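File shown: my_file.pdb (PDB, C-alpha atoms, pLDDT in the B column).
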ATOM      1  CA  MET A   1     -58.857  23.430  20.244  1.00 56.00           C
ATOM      2  CA  GLY A   2     -57.648  19.930  21.086  1.00 59.00           C
ATOM      3  CA  ARG A   3     -58.081  18.885  17.478  1.00 63.00           C
ATOM      4  CA  MET A   4     -55.957  21.794  16.252  1.00 65.00           C
ATOM      5  CA  HIS A   5     -53.298  20.954  18.808  1.00 61.00           C
ATOM      6  CA  GLY A   6     -53.222  17.352  17.585  1.00 60.00           C
ATOM      7  CA  MET A   7     -52.888  18.476  13.983  1.00 64.00           C
ATOM      8  CA  ALA A   8     -50.013  20.779  14.921  1.00 62.00           C
ATOM      9  CA  VAL A   9     -48.208  17.964  16.703  1.00 56.00           C
ATOM     10  CA  GLY A  10     -48.739  15.677  13.715  1.00 60.00           C
ATOM     11  CA  LEU A  11     -47.357  18.267  11.327  1.00 63.00           C
ATOM     12  CA  CYS A  12     -44.295  18.731  13.547  1.00 65.00           C
ATOM     13  CA  VAL A  13     -43.628  14.985  13.622  1.00 59.00           C
ATOM     14  CA  ALA A  14     -44.064  14.696   9.853  1.00 62.00           C
ATOM     15  CA  GLY A  15     -41.777  17.668   9.283  1.00 64.00           C
ATOM     16  CA  ALA A  16     -39.097  16.177  11.516  1.00 64.00           C
ATOM     17  CA  ALA A  17     -39.287  12.867   9.631  1.00 62.00           C
ATOM     18  CA  VAL A  18     -38.972  14.585   6.253  1.00 60.00           C
ATOM     19  CA  THR A  19     -36.033  16.634   7.544  1.00 67.00           C
ATOM     20  CA  ALA A  20     -34.266  13.503   8.830  1.00 61.00           C
ATOM     21  CA  LEU A  21     -34.744  11.729   5.511  1.00 63.00           C
ATOM     22  CA  GLY A  22     -33.459  14.754   3.646  1.00 60.00           C
ATOM     23  CA  LEU A  23     -30.375  15.016   5.834  1.00 59.00           C
ATOM     24  CA  GLY A  24     -29.678  11.314   5.361  1.00 62.00           C
ATOM     25  CA  TRP A  25     -29.908  11.638   1.575  1.00 57.00           C
ATOM     26  CA  PHE A  26     -27.683  14.724   1.618  1.00 53.00           C
ATOM     27  CA  SER A  27     -25.026  13.078   3.817  1.00 57.00           C
ATOM     28  CA  ASP A  28     -24.933  10.055   1.492  1.00 58.00           C
ATOM     29  CA  LYS A  29     -24.114  12.397  -1.368  1.00 51.00           C
ATOM     30  CA  LEU A  30     -21.375  14.163   0.591  1.00 51.00           C
ATOM     31  CA  TYR A  31     -19.669  11.220   2.265  1.00 51.00           C
ATOM     32  CA  THR A  32     -18.768   7.689   1.237  1.00 51.00           C
ATOM     33  CA  ARG A  33     -20.363   5.225   3.621  1.00 53.00           C
ATOM     34  CA  VAL A  34     -17.978   2.516   4.829  1.00 49.00           C
ATOM     35  CA  ARG A  35     -19.579  -0.730   5.954  1.00 54.00           C
ATOM     36  CA  PRO A  36     -18.354  -2.390   9.177  1.00 51.00           C
ATOM     37  CA  GLY A  37     -15.195  -4.376   8.488  1.00 50.00           C
ATOM     38  CA  GLU A  38     -14.600  -2.630   5.157  1.00 51.00           C
ATOM     39  CA  LEU A  39     -11.358  -0.706   4.570  1.00 49.00           C
ATOM     40  CA  ALA A  40     -11.763   3.032   4.074  1.00 46.00           C
ATOM     41  CA  TYR A  41      -8.962   2.968   1.507  1.00 47.00           C
ATOM     42  CA  LYS A  42      -7.933   0.690  -1.331  1.00 50.00           C
ATOM     43  CA  PRO A  43      -4.809  -1.444  -0.678  1.00 52.00           C
ATOM     44  CA  MET A  44      -1.928  -1.098  -3.091  1.00 50.00           C
ATOM     45  CA  ASP A  45      -2.309  -4.538  -4.597  1.00 49.00           C
ATOM     46  CA  GLU A  46      -5.836  -3.579  -5.674  1.00 49.00           C
ATOM     47  CA  MET A  47      -4.915  -0.153  -7.050  1.00 48.00           C
ATOM     48  CA  PRO A  48      -5.100   0.280 -10.834  1.00 44.00           C
ATOM     49  CA  PRO A  49      -1.552  -0.290 -12.163  1.00 44.00           C
ATOM     50  CA  ARG A  50      -2.047   2.339 -14.863  1.00 44.00           C
ATOM     51  CA  VAL A  51      -1.735   5.194 -12.340  1.00 43.00           C
ATOM     52  CA  ASP A  52       1.252   7.293 -13.436  1.00 46.00           C
ATOM     53  CA  MET A  53       2.676   9.045 -10.366  1.00 48.00           C
ATOM     54  CA  ALA A  54       4.963  11.242 -12.480  1.00 48.00           C
ATOM     55  CA  SER A  55       2.006  12.789 -14.291  1.00 47.00           C
ATOM     56  CA  ILE A  56       0.080  13.037 -11.025  1.00 46.00           C
ATOM     57  CA  GLN A  57       2.888  15.092  -9.516  1.00 49.00           C
ATOM     58  CA  ARG A  58       3.031  17.293 -12.619  1.00 47.00           C
ATOM     59  CA  ASP A  59      -0.667  17.768 -13.300  1.00 47.00           C
ATOM     60  CA  TRP A  60      -2.304  17.332  -9.877  1.00 46.00           C
ATOM     61  CA  PRO A  61      -5.257  16.963  -9.650  1.00 47.00           C
ATOM     62  CA  ALA A  62      -6.277  17.075 -13.315  1.00 48.00           C
ATOM     63  CA  SER A  63      -4.390  13.858 -14.141  1.00 44.00           C
ATOM     64  CA  PHE A  64      -6.850  11.678 -12.237  1.00 48.00           C
ATOM     65  CA  SER A  65      -8.972  10.051 -14.895  1.00 50.00           C
ATOM     66  CA  GLU A  66     -11.461   8.350 -12.613  1.00 54.00           C
ATOM     67  CA  ALA A  67     -13.694   9.660  -9.847  1.00 56.00           C
ATOM     68  CA  GLY A  68     -12.220   8.858  -6.455  1.00 58.00           C
ATOM     69  CA  GLU A  69      -8.787   7.933  -7.842  1.00 56.00           C
ATOM     70  CA  GLY A  70      -7.100  10.889  -6.162  1.00 56.00           C
ATOM     71  CA  SER A  71      -8.528  10.127  -2.744  1.00 58.00           C
ATOM     72  CA  ARG A  72      -7.431   6.488  -3.026  1.00 58.00           C
ATOM     73  CA  VAL A  73      -3.853   7.476  -3.840  1.00 56.00           C
ATOM     74  CA  ILE A  74      -3.772   9.948  -0.945  1.00 56.00           C
ATOM     75  CA  ALA A  75      -5.226   7.395   1.459  1.00 55.00           C
ATOM     76  CA  TYR A  76      -2.725   4.797   0.296  1.00 53.00           C
ATOM     77  CA  HIS A  77       0.193   7.054   1.215  1.00 51.00           C
ATOM     78  CA  ARG A  78      -1.079   7.685   4.739  1.00 49.00           C
ATOM     79  CA  ASP A  79       0.298   5.610   7.551  1.00 43.00           C
ATOM     80  CA  MET A  80      -2.185   2.746   7.798  1.00 44.00           C
ATOM     81  CA  ARG A  81      -0.140   0.561  10.142  1.00 41.00           C
ATOM     82  CA  GLY A  82      -2.407  -1.181  12.618  1.00 43.00           C
ATOM     83  CA  LYS A  83      -5.555  -0.599  10.553  1.00 44.00           C
ATOM     84  CA  ALA A  84      -5.161  -3.346   7.972  1.00 44.00           C
ATOM     85  CA  PRO A  85      -3.920  -6.542   9.688  1.00 43.00           C
ATOM     86  CA  MET A  86      -1.634  -8.686   7.619  1.00 46.00           C
ATOM     87  CA  PRO A  87      -2.519 -12.367   7.209  1.00 43.00           C
ATOM     88  CA  GLY A  88      -1.392 -14.401  10.185  1.00 43.00           C
ATOM     89  CA  THR A  89      -1.109 -11.401  12.535  1.00 45.00           C
ATOM     90  CA  GLY A  90      -4.390 -11.888  14.340  1.00 45.00           C
ATOM     91  CA  GLY A  91      -7.885 -10.680  13.674  1.00 45.00           C
ATOM     92  CA  GLY A  92     -10.270 -13.581  13.408  1.00 47.00           C
ATOM     93  CA  GLY A  93      -7.869 -16.373  14.311  1.00 47.00           C
ATOM     94  CA  ALA A  94      -7.280 -17.343  10.672  1.00 48.00           C
ATOM     95  CA  ALA A  95      -4.723 -20.067  10.091  1.00 51.00           C
ATOM     96  CA  ALA A  96      -1.277 -18.875   9.046  1.00 56.00           C
ATOM     97  CA  ALA A  97      -0.515 -19.174   5.347  1.00 59.00           C
ATOM     98  CA  PRO A  98       1.836 -22.016   4.413  1.00 66.00           C
ATOM     99  CA  PRO A  99       5.454 -20.987   3.808  1.00 77.00           C
ATOM    100  CA  VAL A 100       6.313 -20.020   0.262  1.00 82.00           C
ATOM    101  CA  ASP A 101       9.467 -20.844  -1.665  1.00 92.00           C
ATOM    102  CA  LEU A 102      10.963 -17.519  -2.716  1.00 95.00           C
ATOM    103  CA  GLY A 103      13.056 -19.119  -5.445  1.00 95.00           C
ATOM    104  CA  THR A 104       9.953 -20.574  -7.065  1.00 95.00           C
ATOM    105  CA  LEU A 105       8.066 -17.284  -6.764  1.00 95.00           C
ATOM    106  CA  LEU A 106      10.888 -15.252  -8.297  1.00 96.00           C
ATOM    107  CA  ALA A 107      11.364 -17.744 -11.128  1.00 96.00           C
ATOM    108  CA  SER A 108       7.762 -17.231 -12.236  1.00 95.00           C
ATOM    109  CA  ALA A 109       7.528 -13.520 -11.345  1.00 97.00           C
ATOM    110  CA  ASP A 110       7.143 -10.920 -14.093  1.00 97.00           C
ATOM    111  CA  ALA A 111       9.437  -7.893 -13.774  1.00 97.00           C
ATOM    112  CA  GLY A 112       7.038  -5.966 -16.026  1.00 97.00           C
ATOM    113  CA  VAL A 113       4.270  -6.422 -13.478  1.00 96.00           C
ATOM    114  CA  GLY A 114       6.669  -5.259 -10.779  1.00 97.00           C
ATOM    115  CA  LYS A 115       7.434  -2.125 -12.782  1.00 96.00           C
ATOM    116  CA  GLN A 116       3.714  -1.366 -12.879  1.00 96.00           C
ATOM    117  CA  LYS A 117       3.395  -1.953  -9.145  1.00 95.00           C
ATOM    118  CA  VAL A 118       6.134   0.532  -8.247  1.00 95.00           C
ATOM    119  CA  GLN A 119       4.366   3.363 -10.090  1.00 93.00           C
ATOM    120  CA  LEU A 120       2.610   4.171  -6.830  1.00 87.00           C
ATOM    121  CA  CYS A 121       5.967   4.328  -5.035  1.00 92.00           C
ATOM    122  CA  MET A 122       7.324   7.097  -7.245  1.00 92.00           C
ATOM    123  CA  SER A 123       5.957   9.889  -5.090  1.00 90.00           C
ATOM    124  CA  CYS A 124       8.391   8.760  -2.369  1.00 93.00           C
ATOM    125  CA  HIS A 125      11.206   7.020  -4.286  1.00 95.00           C
ATOM    126  CA  ASP A 126      13.227   7.594  -7.438  1.00 96.00           C
ATOM    127  CA  PHE A 127      14.263   4.506  -9.414  1.00 96.00           C
ATOM    128  CA  THR A 128      16.749   6.013 -11.887  1.00 96.00           C
ATOM    129  CA  GLN A 129      20.537   5.815 -11.830  1.00 96.00           C
ATOM    130  CA  GLY A 130      21.892   8.938 -10.146  1.00 95.00           C
ATOM    131  CA  GLY A 131      18.369  10.141  -9.371  1.00 95.00           C
ATOM    132  CA  PRO A 132      17.537  12.160  -6.261  1.00 96.00           C
ATOM    133  CA  ASN A 133      16.384  11.061  -2.860  1.00 95.00           C
ATOM    134  CA  ARG A 134      12.799  12.001  -2.109  1.00 94.00           C
ATOM    135  CA  ILE A 135      10.744  11.202   0.974  1.00 92.00           C
ATOM    136  CA  GLY A 136      12.509   7.845   0.736  1.00 94.00           C
ATOM    137  CA  PRO A 137      15.945   6.990  -0.680  1.00 96.00           C
ATOM    138  CA  ASN A 138      16.728   6.371  -4.337  1.00 96.00           C
ATOM    139  CA  LEU A 139      16.198   2.661  -5.064  1.00 97.00           C
ATOM    140  CA  TRP A 140      18.479   2.176  -8.065  1.00 97.00           C
ATOM    141  CA  GLY A 141      20.662  -0.824  -7.240  1.00 97.00           C
ATOM    142  CA  VAL A 142      18.915  -1.490  -3.930  1.00 97.00           C
ATOM    143  CA  VAL A 143      18.999  -5.290  -4.286  1.00 97.00           C
ATOM    144  CA  GLY A 144      22.161  -6.520  -2.613  1.00 96.00           C
ATOM    145  CA  ARG A 145      23.333  -3.227  -1.122  1.00 96.00           C
ATOM    146  CA  PRO A 146      23.744  -2.702   2.638  1.00 96.00           C
ATOM    147  CA  VAL A 147      20.703  -1.460   4.539  1.00 97.00           C
ATOM    148  CA  ALA A 148      20.560   2.313   5.186  1.00 96.00           C
ATOM    149  CA  SER A 149      23.589   2.978   2.989  1.00 95.00           C
ATOM    150  CA  HIS A 150      22.420   5.247   0.163  1.00 95.00           C
ATOM    151  CA  ALA A 151      24.428   8.470   0.241  1.00 94.00           C
ATOM    152  CA  GLY A 152      22.691  11.667   1.241  1.00 95.00           C
ATOM    153  CA  PHE A 153      19.550  10.178   2.770  1.00 95.00           C
ATOM    154  CA  ALA A 154      18.651  10.719   6.439  1.00 94.00           C
ATOM    155  CA  TYR A 155      17.584   7.256   7.577  1.00 95.00           C
ATOM    156  CA  SER A 156      15.601   6.756  10.760  1.00 95.00           C
ATOM    157  CA  PRO A 157      17.447   5.341  13.786  1.00 95.00           C
ATOM    158  CA  ALA A 158      15.339   2.197  13.406  1.00 95.00           C
ATOM    159  CA  MET A 159      16.535   1.650   9.834  1.00 96.00           C
ATOM    160  CA  GLN A 160      20.128   2.470  10.748  1.00 95.00           C
ATOM    161  CA  GLY A 161      19.937  -0.221  13.403  1.00 95.00           C
ATOM    162  CA  HIS A 162      18.566  -2.782  10.936  1.00 93.00           C
ATOM    163  CA  LYS A 163      21.825  -4.461   9.967  1.00 90.00           C
ATOM    164  CA  GLY A 164      22.583  -6.600   6.954  1.00 95.00           C
ATOM    165  CA  SER A 165      21.905  -6.083   3.271  1.00 96.00           C
ATOM    166  CA  TRP A 166      18.825  -5.958   1.087  1.00 97.00           C
ATOM    167  CA  SER A 167      18.863  -9.579   0.009  1.00 97.00           C
ATOM    168  CA  TYR A 168      15.933 -11.133  -1.804  1.00 97.00           C
ATOM    169  CA  GLU A 169      14.771 -12.667   1.458  1.00 96.00           C
ATOM    170  CA  SER A 170      15.014  -9.461   3.495  1.00 97.00           C
ATOM    171  CA  LEU A 171      13.217  -7.429   0.819  1.00 97.00           C
ATOM    172  CA  PHE A 172      10.480 -10.057   0.626  1.00 97.00           C
ATOM    173  CA  ALA A 173       9.895  -9.824   4.384  1.00 96.00           C
ATOM    174  CA  PHE A 174      10.166  -6.017   4.487  1.00 96.00           C
ATOM    175  CA  LEU A 175       7.714  -5.398   1.647  1.00 96.00           C
ATOM    176  CA  ALA A 176       5.118  -7.560   3.382  1.00 95.00           C
ATOM    177  CA  SER A 177       4.955  -5.085   6.276  1.00 94.00           C
ATOM    178  CA  PRO A 178       7.696  -2.460   6.692  1.00 94.00           C
ATOM    179  CA  GLY A 179       6.421  -1.347  10.089  1.00 93.00           C
ATOM    180  CA  ARG A 180       6.393  -4.894  11.416  1.00 94.00           C
ATOM    181  CA  GLU A 181       9.796  -5.822   9.988  1.00 95.00           C
ATOM    182  CA  VAL A 182      11.514  -2.588  11.089  1.00 95.00           C
ATOM    183  CA  PRO A 183       9.512  -1.078  13.979  1.00 94.00           C
ATOM    184  CA  GLY A 184      10.000   2.683  14.024  1.00 93.00           C
ATOM    185  CA  THR A 185      10.739   3.071  10.317  1.00 92.00           C
ATOM    186  CA  LYS A 186       9.616   6.322   8.715  1.00 90.00           C
ATOM    187  CA  MET A 187       8.204   4.396   5.759  1.00 90.00           C
ATOM    188  CA  SER A 188       4.427   4.860   5.927  1.00 86.00           C
ATOM    189  CA  PHE A 189       3.513   1.937   3.707  1.00 88.00           C
ATOM    190  CA  ALA A 190       1.113  -0.802   4.792  1.00 89.00           C
ATOM    191  CA  GLY A 191       2.818  -3.471   2.694  1.00 92.00           C
ATOM    192  CA  LEU A 192       2.069  -5.815  -0.198  1.00 94.00           C
ATOM    193  CA  ARG A 193      -0.094  -8.664   1.054  1.00 93.00           C
ATOM    194  CA  LYS A 194       0.264 -10.983  -1.939  1.00 95.00           C
ATOM    195  CA  PRO A 195       3.551 -12.916  -2.168  1.00 96.00           C
ATOM    196  CA  GLU A 196       3.295 -12.852  -5.973  1.00 96.00           C
ATOM    197  CA  ASP A 197       3.200  -9.040  -5.975  1.00 96.00           C
ATOM    198  CA  ARG A 198       6.222  -8.805  -3.689  1.00 97.00           C
ATOM    199  CA  ALA A 199       8.136 -11.213  -5.908  1.00 97.00           C
ATOM    200  CA  ALA A 200       7.271  -9.176  -9.024  1.00 97.00           C
ATOM    201  CA  VAL A 201       8.450  -5.926  -7.408  1.00 97.00           C
ATOM    202  CA  ILE A 202      11.695  -7.519  -6.203  1.00 97.00           C
ATOM    203  CA  LYS A 203      12.380  -9.019  -9.628  1.00 97.00           C
ATOM    204  CA  TYR A 204      11.956  -5.571 -11.170  1.00 97.00           C
ATOM    205  CA  LEU A 205      14.226  -3.977  -8.564  1.00 97.00           C
ATOM    206  CA  ALA A 206      16.876  -6.579  -9.416  1.00 97.00           C
ATOM    207  CA  THR A 207      16.991  -5.193 -12.968  1.00 97.00           C
ATOM    208  CA  LEU A 208      18.019  -1.739 -11.710  1.00 97.00           C
ATOM    209  CA  GLY A 209      21.804  -1.746 -11.813  1.00 94.00           C
ATOM    210  CA  THR A 210      24.338  -4.551 -11.962  1.00 92.00           C
ATOM    211  CA  GLY A 211      24.924  -5.325  -8.290  1.00 91.00           C
ATOM    212  CA  ALA A 212      22.021  -7.689  -7.654  1.00 95.00           C
ATOM    213  CA  PRO A 213      23.095 -11.225  -6.718  1.00 95.00           C
ATOM    214  CA  PRO A 214      21.780 -14.204  -8.712  1.00 95.00           C
ATOM    215  CA  LEU A 215      18.180 -15.145  -8.041  1.00 95.00           C
ATOM    216  CA  PRO A 216      17.736 -17.931  -5.485  1.00 94.00           C
ATOM    217  CA  GLN A 217      17.099 -21.305  -7.046  1.00 93.00           C
ATOM    218  CA  PRO A 218      13.665 -22.910  -6.651  1.00 93.00           C
ATOM    219  CA  LYS A 219      13.567 -25.726  -4.157  1.00 88.00           C
ATOM    220  CA  VAL A 220      13.328 -29.149  -5.689  1.00 78.00           C
ATOM    221  CA  VAL A 221      10.469 -31.136  -4.219  1.00 69.00           C
ATOM    222  CA  ALA A 222      11.447 -34.761  -3.825  1.00 62.00           C
ATOM    223  CA  ALA A 223       9.135 -37.192  -5.574  1.00 58.00           C
ATOM    224  CA  ARG A 224       7.164 -39.476  -3.288  1.00 58.00           C
TER     225      ARG A 224
END
Would you write out, as structure tokens, the structure that this file holds?
Amino acid sequence: MGRMHGMAVGLCVAGAAVTALGLGWFSDKLYTRVRPGELAYKPMDEMPPRVDMASIQRDWPASFSEAGEGSRVIAYHRDMRGKAPMPGTGGGGAAAAPPVDLGTLLASADAGVGKQKVQLCMSCHDFTQGGPNRIGPNLWGVVGRPVASHAGFAYSPAMQGHKGSWSYESLFAFLASPGREVPGTKMSFAGLRKPEDRAAVIKYLATLGTGAPPLPQPKVVAAR
């Protein structure tokens, strides 16, 4: 009797172990496992530039050509403020990056690369002359125009209170982290971490319309 009881207990333990292993395998197939410290989404500057938001809007979800591409785009457009610290804002005590010369960055920036980068912005913004406002305002001619001034768009109180114009310098700071630069903005965009990417986007935006001021000149470093 005792032997049969022991065998029954052993079978129960073995069955529980097999069940646990099976559930673990099944959950791995259903859910993507995120390692500690790893982002659960892919930042914009690592997104494939070939994503065409216009076709995504038209053909959703069939236009996604790669497994997981749709979920990355959706995750990118969620408000990730506070979940992906920008360099120099804490988290590990890393040293702040040295200041960059915007004139030098813009001189070497490629507007074609910037045009590719803004493909992911087209679900919220229109970039054509006379185009509509969407979730965000139309961005034709944005470089050099006053902040919160595009006709017909309902800006947040935070953006309305952000005085000045969209100069190259203000756009460079804003695109790094909209929520940090204008606290309370409705723009749910984590920001472009790489200065080179921000410069490329700004250089492309400067080609939209005729109101953009001249690019800032690179600083001349004195010879030692």
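Each of A:Ala190, A:Ala173, A:Val182, A:Val143 was checked against Ala212 (chain A) using all atoms listed in the file; the smallest atom-to-atom distance is that of A:Val143.
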If we count all atoms listed in the file and set the cut-off at 10 Å, which residues sit around Ser170 (chain A), ignoring sequence neighbours fewer than 6 positions away in its own chain? Please answer as an mmCIF file with C-alpha atoms, keeping the file's coordinate frame.
data_model
loop_
_atom_site.group_PDB
_atom_site.id
_atom_site.type_symbol
_atom_site.label_atom_id
_atom_site.label_comp_id
_atom_site.auth_asym_id
_atom_site.auth_seq_id
_atom_site.Cartn_x
_atom_site.Cartn_y
_atom_site.Cartn_z
ATOM 1 C CA VAL A 143 18.999 -5.290 -4.286
ATOM 2 C CA GLY A 144 22.161 -6.520 -2.613
ATOM 3 C CA VAL A 147 20.703 -1.460 4.539
ATOM 4 C CA GLY A 164 22.583 -6.600 6.954
ATOM 5 C CA GLU A 181 9.796 -5.822 9.988
#
If the PyMOL selection byres ((chain A and resi 194-198) around 12) were run on this exact file, what residues would it hold? Put them as a PyMOL selection string. chain A and resi 43-46+49+86-87+97-118+168-177+191-193+199-205
Could those selected residues go to a file with C-alpha atoms, as a compact mmCIF listing (two decimals), keeping the file's coordinate frame?
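Result file follows (selection.txt):
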# COMPACT_ATOMS: atom_id res chain seq x y z
CA PRO A 43 -4.81 -1.44 -0.68
CA MET A 44 -1.93 -1.10 -3.09
CA ASP A 45 -2.31 -4.54 -4.60
CA GLU A 46 -5.84 -3.58 -5.67
CA PRO A 49 -1.55 -0.29 -12.16
CA MET A 86 -1.63 -8.69 7.62
CA PRO A 87 -2.52 -12.37 7.21
CA ALA A 97 -0.52 -19.17 5.35
CA PRO A 98 1.84 -22.02 4.41
CA PRO A 99 5.45 -20.99 3.81
CA VAL A 100 6.31 -20.02 0.26
CA ASP A 101 9.47 -20.84 -1.66
CA LEU A 102 10.96 -17.52 -2.72
CA GLY A 103 13.06 -19.12 -5.44
CA THR A 104 9.95 -20.57 -7.06
CA LEU A 105 8.07 -17.28 -6.76
CA LEU A 106 10.89 -15.25 -8.30
CA ALA A 107 11.36 -17.74 -11.13
CA SER A 108 7.76 -17.23 -12.24
CA ALA A 109 7.53 -13.52 -11.34
CA ASP A 110 7.14 -10.92 -14.09
CA ALA A 111 9.44 -7.89 -13.77
CA GLY A 112 7.04 -5.97 -16.03
CA VAL A 113 4.27 -6.42 -13.48
CA GLY A 114 6.67 -5.26 -10.78
CA LYS A 115 7.43 -2.12 -12.78
CA GLN A 116 3.71 -1.37 -12.88
CA LYS A 117 3.40 -1.95 -9.14
CA VAL A 118 6.13 0.53 -8.25
CA TYR A 168 15.93 -11.13 -1.80
CA GLU A 169 14.77 -12.67 1.46
CA SER A 170 15.01 -9.46 3.50
CA LEU A 171 13.22 -7.43 0.82
CA PHE A 172 10.48 -10.06 0.63
CA ALA A 173 9.90 -9.82 4.38
CA PHE A 174 10.17 -6.02 4.49
CA LEU A 175 7.71 -5.40 1.65
CA ALA A 176 5.12 -7.56 3.38
CA SER A 177 4.96 -5.08 6.28
CA GLY A 191 2.82 -3.47 2.69
CA LEU A 192 2.07 -5.82 -0.20
CA ARG A 193 -0.09 -8.66 1.05
CA ALA A 199 8.14 -11.21 -5.91
CA ALA A 200 7.27 -9.18 -9.02
CA VAL A 201 8.45 -5.93 -7.41
CA ILE A 202 11.70 -7.52 -6.20
CA LYS A 203 12.38 -9.02 -9.63
CA TYR A 204 11.96 -5.57 -11.17
CA LEU A 205 14.23 -3.98 -8.56
Just give me the gap between CA of Phe153 (chain A) and CA of Pro132 (chain A) in Å, one decimal is fine. 9.5 Å
One decimal, Å: what's the distance from CA of Lys186 (chain A) over to CA of Val142 (chain A), could you say? 17.5 Å
Report, in Å with one decimal, the straight-line distance from CA of Ser167 (chain A) to CA of Gln129 (chain A).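 A separation of 19.5 Å between them.
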On this structure, which residues satisfy the PyMOL selection byres ((chain A and resi 163) around 12), written as a ChimeraX atom specification? /A:145-149,157-162,164-167,170,182
Just-selected residues, C-alpha atoms written as a JSON list (two decimals), keeping the file's coordinate frame:
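Final file, selection27.json:
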[["chain", "number", "residue", "atom", "x", "y", "z"],
["A", 145, "ARG", "CA", 23.33, -3.23, -1.12],
["A", 146, "PRO", "CA", 23.74, -2.70, 2.64],
["A", 147, "VAL", "CA", 20.70, -1.46, 4.54],
["A", 148, "ALA", "CA", 20.56, 2.31, 5.19],
["A", 149, "SER", "CA", 23.59, 2.98, 2.99],
["A", 157, "PRO", "CA", 17.45, 5.34, 13.79],
["A", 158, "ALA", "CA", 15.34, 2.20, 13.41],
["A", 159, "MET", "CA", 16.54, 1.65, 9.83],
["A", 160, "GLN", "CA", 20.13, 2.47, 10.75],
["A", 161, "GLY", "CA", 19.94, -0.22, 13.40],
["A", 162, "HIS", "CA", 18.57, -2.78, 10.94],
["A", 164, "GLY", "CA", 22.58, -6.60, 6.95],
["A", 165, "SER", "CA", 21.90, -6.08, 3.27],
["A", 166, "TRP", "CA", 18.82, -5.96, 1.09],
["A", 167, "SER", "CA", 18.86, -9.58, 0.01],
["A", 170, "SER", "CA", 15.01, -9.46, 3.50],
["A", 182, "VAL", "CA", 11.51, -2.59, 11.09]]
Neighbour list for His125 (chain A) as a list of chain:residue names, cut-off 6 Å, all atoms listed in the file, skip fewer than 3 positions in-chain: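 Contacts, in chain order: A:Cys121, A:Met122, A:Arg134, A:Gly136, A:Pro137, A:Asn138.
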Please write the residues from the selection above to a file, keeping C-alpha atoms, as an mmCIF file, in the frame of the given file.
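See selection-v5.cif below for the written result:
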data_model
loop_
_atom_site.group_PDB
_atom_site.id
_atom_site.type_symbol
_atom_site.label_atom_id
_atom_site.label_comp_id
_atom_site.auth_asym_id
_atom_site.auth_seq_id
_atom_site.Cartn_x
_atom_site.Cartn_y
_atom_site.Cartn_z
ATOM 1 C CA CYS A 121 5.967 4.328 -5.035
ATOM 2 C CA MET A 122 7.324 7.097 -7.245
ATOM 3 C CA ARG A 134 12.799 12.001 -2.109
ATOM 4 C CA GLY A 136 12.509 7.845 0.736
ATOM 5 C CA PRO A 137 15.945 6.990 -0.680
ATOM 6 C CA ASN A 138 16.728 6.371 -4.337
#
Report as lines of an AutoDock Vina configuration file the centre and the edge lengths, in Å to one decimal, of the axis-aligned box holding every listed atom of region 145-151 of chain A, padded by 3 Å on each side.
center_x = 22.5
center_y = 2.6
center_z = 2.0
size_x = 9.9
size_y = 17.7
size_z = 12.3
Please identify all polymer residues within 9 Å of Ile135 (chain A), counting only C-alpha atoms, omitting same-chain residues fewer than 3 positions from it, and present them as a list in words.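 The residues satisfying every condition are Ser123, Cys124, His125 and Met187 of chain A.
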